[in-house]
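All remarks here apply to the structure that follows.
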Amino acid sequence: AAAEIRKLTIREMAAAGYGHIGGSMSICEVLAVLYEGVLRIDPQRPDWEERDWLVLSKGHTGPALYAALAYKGYFDKALLGTLNQGGTRLPSHCDRLKTPGIDLSTGSLGQGLPMAMGMAMAARMDGKAHRVYCIIGDGECDEGAVWETALIANQYKLDNFIVTVDFNKIQSITSVEKTIALEPLDQKWASFGWHVIRVDGHDHAALHRAYDEARAALGGGKPIVVIADTVKGKGVSFMENDVLWHYRTARGAEYDAAVKELEAQKP
């Protein structure tokens, strides 16, 4: 699933001509595991009231989420070729009014997480059993709203709320460490009162165990965070850990080489 999602992602960005490819490639395993065995969803009923909600707070990596949704059958894969073109249902940033399976419009970093928390709080108040999942970026953790949300979610013991941090350690123009250092990130979240799980974000078995632990912790009185250690540009050797691929598109020989690598990795 991750191999197919990654391949679809790079193809749709090549068709669009631009996009945030590095951070999209780093979350493919997380999306594959969530959509293949964790989320309670029904692709034929994207508005099913009892579904688990997923908010991609790092909305600029929407193309990876679109690829996952197409893979799961929310819409035809051919639609991916219209990414960010006139009249498309797939804008570059997630839009819940346009795309089946998108639960919240996102893009401005630091805003998706508090809104996802509001969803979790509303579910609690309404007596709903669904869970709210949210994926945020590491650079996004520079936003004060992230830590305000961490405090509030703990204050209200939102134990139906599972956040995943895509910790690929590179943000827009340089490393996270050189911008605002986050380590020890697990200890920071723990000090805010969260149940913390840290995992290799590209290890499928480890991710399954992490989300099993997260689901087991639901109802335990603490919000839950999964810190996924990932590689920016994962899957294509010349993109990995290279800040230039935060916002760039593979074309021509680069595109052919990238697809060749991804095809070779597919089981």
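By order of appearance in the structure tokens: chains A, B, ..., then residues from 1 within every chain, and ligands from 1 in the order shown.
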
query = Got a sec: who's within 7 Å of A:Pro46, counting only C-alpha atoms, leaving out chain neighbours fewer than 4 positions off, as an NGL selection string?
reply = :A and (42 or 100-101)

How about saving the chosen residues, C-alpha atoms kept, as a PDB file, in the first residue's frame?
```
ATOM      1  CA  ASP A  42     -16.144   3.258   4.730  1.00  0.00           C
ATOM      2  CA  PRO A 100     -14.440  12.884  -0.678  1.00  0.00           C
ATOM      3  CA  GLY A 101     -12.675  11.609   2.433  1.00  0.00           C
TER       4      GLY A 101
END
```

DSSP-assigned helix (DSSP H, G or I) among stretch 8-255 of chain A, expressed as a ChimeraX atom specification = /A:8-16,21-25,28-38,59-72,77-82,112-126,139-142,144-155,176-179,185-191,204-217,243-246,252-255

Please produce a file of the residues just selected, as a CSV table (one decimal), in the first residue's frame, where the atoms kept are C-alpha atoms.
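This went into part_39.csv:
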```csv
chain,number,residue,atom,x,y,z
A,8,LEU,CA,0.7,7.8,-7.1
A,9,THR,CA,1.9,10.8,-5.1
A,10,ILE,CA,4.9,11.5,-7.3
A,11,ARG,CA,2.9,11.0,-10.5
A,12,GLU,CA,0.2,13.4,-9.5
A,13,MET,CA,2.8,16.1,-8.6
A,14,ALA,CA,4.6,15.6,-11.9
A,15,ALA,CA,1.3,16.2,-13.6
A,16,ALA,CA,0.7,19.3,-11.6
A,21,ILE,CA,7.0,16.3,-2.4
A,22,GLY,CA,9.5,15.7,0.4
A,23,GLY,CA,7.0,15.9,3.2
A,24,SER,CA,4.4,14.0,1.2
A,25,MET,CA,6.8,11.1,0.7
A,28,CYS,CA,3.3,7.3,3.0
A,29,GLU,CA,3.8,4.4,5.5
A,30,VAL,CA,1.8,6.3,8.2
A,31,LEU,CA,-1.1,6.7,5.7
A,32,ALA,CA,-0.8,3.1,4.5
A,33,VAL,CA,-1.1,1.7,8.0
A,34,LEU,CA,-3.9,4.1,9.1
A,35,TYR,CA,-6.0,3.4,6.0
A,36,GLU,CA,-5.2,-0.3,5.8
A,37,GLY,CA,-5.8,-1.4,9.4
A,38,VAL,CA,-6.4,1.4,11.9
A,59,GLY,CA,-2.3,20.3,4.6
A,60,HIS,CA,0.5,21.1,2.0
A,61,THR,CA,1.1,17.3,1.8
A,62,GLY,CA,-2.5,16.8,0.7
A,63,PRO,CA,-1.3,14.9,-2.5
A,64,ALA,CA,-0.1,12.0,-0.4
A,65,LEU,CA,-3.5,11.9,1.4
A,66,TYR,CA,-5.3,12.1,-2.0
A,67,ALA,CA,-3.2,9.1,-3.2
A,68,ALA,CA,-4.2,7.1,-0.1
A,69,LEU,CA,-7.9,8.0,-0.6
A,70,ALA,CA,-7.7,7.0,-4.3
A,71,TYR,CA,-6.0,3.8,-3.3
A,72,LYS,CA,-8.8,3.0,-0.9
A,77,LYS,CA,-7.3,7.3,-9.4
A,78,ALA,CA,-7.6,9.1,-12.7
A,79,LEU,CA,-8.7,12.2,-10.8
A,80,LEU,CA,-5.1,12.4,-9.4
A,81,GLY,CA,-4.0,13.7,-12.7
A,82,THR,CA,-6.0,16.9,-12.2
A,112,GLY,CA,-5.5,21.9,11.8
A,113,LEU,CA,-4.4,20.5,15.2
A,114,PRO,CA,-6.6,22.8,17.4
A,115,MET,CA,-9.6,22.2,15.1
A,116,ALA,CA,-9.0,18.5,15.3
A,117,MET,CA,-9.0,18.9,19.1
A,118,GLY,CA,-12.3,20.7,18.9
A,119,MET,CA,-13.7,17.7,16.9
A,120,ALA,CA,-12.5,15.4,19.7
A,121,MET,CA,-14.0,17.6,22.3
A,122,ALA,CA,-17.3,17.8,20.4
A,123,ALA,CA,-17.4,14.0,20.0
A,124,ARG,CA,-16.9,13.7,23.8
A,125,MET,CA,-19.7,16.2,24.5
A,126,ASP,CA,-22.1,14.5,22.1
A,139,GLY,CA,8.2,22.3,11.5
A,140,GLU,CA,4.6,22.9,12.4
A,141,CYS,CA,5.6,22.4,16.0
A,142,ASP,CA,7.2,25.9,15.8
A,144,GLY,CA,2.5,28.3,19.5
A,145,ALA,CA,-1.0,26.9,18.7
A,146,VAL,CA,0.4,23.4,18.7
A,147,TRP,CA,1.5,23.7,22.4
A,148,GLU,CA,-1.7,25.6,23.4
A,149,THR,CA,-3.6,22.6,22.0
A,150,ALA,CA,-1.4,20.2,23.8
A,151,LEU,CA,-2.2,21.9,27.1
A,152,ILE,CA,-5.9,22.1,26.5
A,153,ALA,CA,-6.2,18.5,25.3
A,154,ASN,CA,-4.6,17.4,28.5
A,155,GLN,CA,-6.7,19.7,30.6
A,176,VAL,CA,14.4,21.5,12.2
A,177,GLU,CA,17.4,21.4,14.6
A,178,LYS,CA,18.8,24.7,13.1
A,179,THR,CA,15.5,26.4,13.1
A,185,LEU,CA,10.4,15.7,21.5
A,186,ASP,CA,9.0,12.7,23.3
A,187,GLN,CA,9.8,14.2,26.7
A,188,LYS,CA,8.2,17.5,25.7
A,189,TRP,CA,4.9,15.9,24.8
A,190,ALA,CA,5.1,13.7,28.0
A,191,SER,CA,5.6,16.8,30.1
A,204,HIS,CA,5.1,-1.1,9.0
A,205,ALA,CA,5.1,-3.7,11.8
A,206,ALA,CA,6.3,-1.0,14.3
A,207,LEU,CA,3.6,1.4,13.2
A,208,HIS,CA,0.9,-1.3,13.6
A,209,ARG,CA,2.2,-1.9,17.1
A,210,ALA,CA,2.3,1.8,17.9
A,211,TYR,CA,-1.3,2.4,16.8
A,212,ASP,CA,-2.4,-0.8,18.6
A,213,GLU,CA,-0.9,0.8,21.7
A,214,ALA,CA,-2.6,4.1,20.9
A,215,ARG,CA,-6.0,2.4,20.6
A,216,ALA,CA,-5.5,0.5,23.8
A,217,ALA,CA,-4.8,3.8,25.5
A,243,VAL,CA,16.1,20.2,1.8
A,244,LEU,CA,15.8,21.1,-2.0
A,245,TRP,CA,13.0,18.5,-2.2
A,246,HIS,CA,10.8,20.3,0.3
A,252,GLY,CA,12.3,14.3,-17.2
A,253,ALA,CA,15.2,12.1,-16.3
A,254,GLU,CA,14.7,12.8,-12.6
A,255,TYR,CA,11.0,11.7,-12.8
```

request  = For A:Lys260, please output as a ChimeraX atom specification all residues within 12 Å (counting only C-alpha atoms; exclusion window: fewer than 3 positions along the same chain).
outcome  = /A:7,10,235-237,253-257,263-266

remark   = Of A:Thr106, A:Leu218, A:Gln111, A:His202, the one nearest to A:Ile162 when counting only C-alpha atoms is A:Leu218

query = Where in stretch 35-247 of chain A does DSSP assign strand (DSSP E), given as a list of chain:residue names?
reply =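 So the strand (DSSP E) residues in stretch 35-247 of chain A would be A:Trp53, A:Leu54, A:Val55, A:Leu56, A:Val132, A:Tyr133, A:Cys134, A:Ile135, A:Ile136, A:Gly137, A:Phe161, A:Ile162, A:Val163, A:Thr164, A:Val165, A:Asp166, A:Phe167, A:His195, A:Val196, A:Ile197, A:Arg198, A:Val199, A:Asp200, A:Ile224, A:Val225, A:Val226, A:Ile227, A:Ala228, A:Asp229.
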
request  = Mind giving me the straight-line distance from atom CA of A:Val196 to atom CA of A:Gln171 in Å, one decimal?
outcome  = 22.6 Å

ask   = Smallest atom-to-atom distance to A:Phe75: which of A:Leu158, A:Ile102, A:Cys94, A:Cys134, using only C-alpha atoms?
value =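 That would be A:Ile102, the residue with the smallest distance to A:Phe75.
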
request  = Go through A:Lys169, A:Lys98, A:Lys128, A:Lys222 one by one, measure the shortest atom-to-atom distance of each to A:Tyr156 using only C-alpha atoms, and give the residue with the smallest value.
outcome  =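 Ranking A:Lys169, A:Lys98, A:Lys128, A:Lys222 by distance to A:Tyr156, first place goes to A:Lys222.
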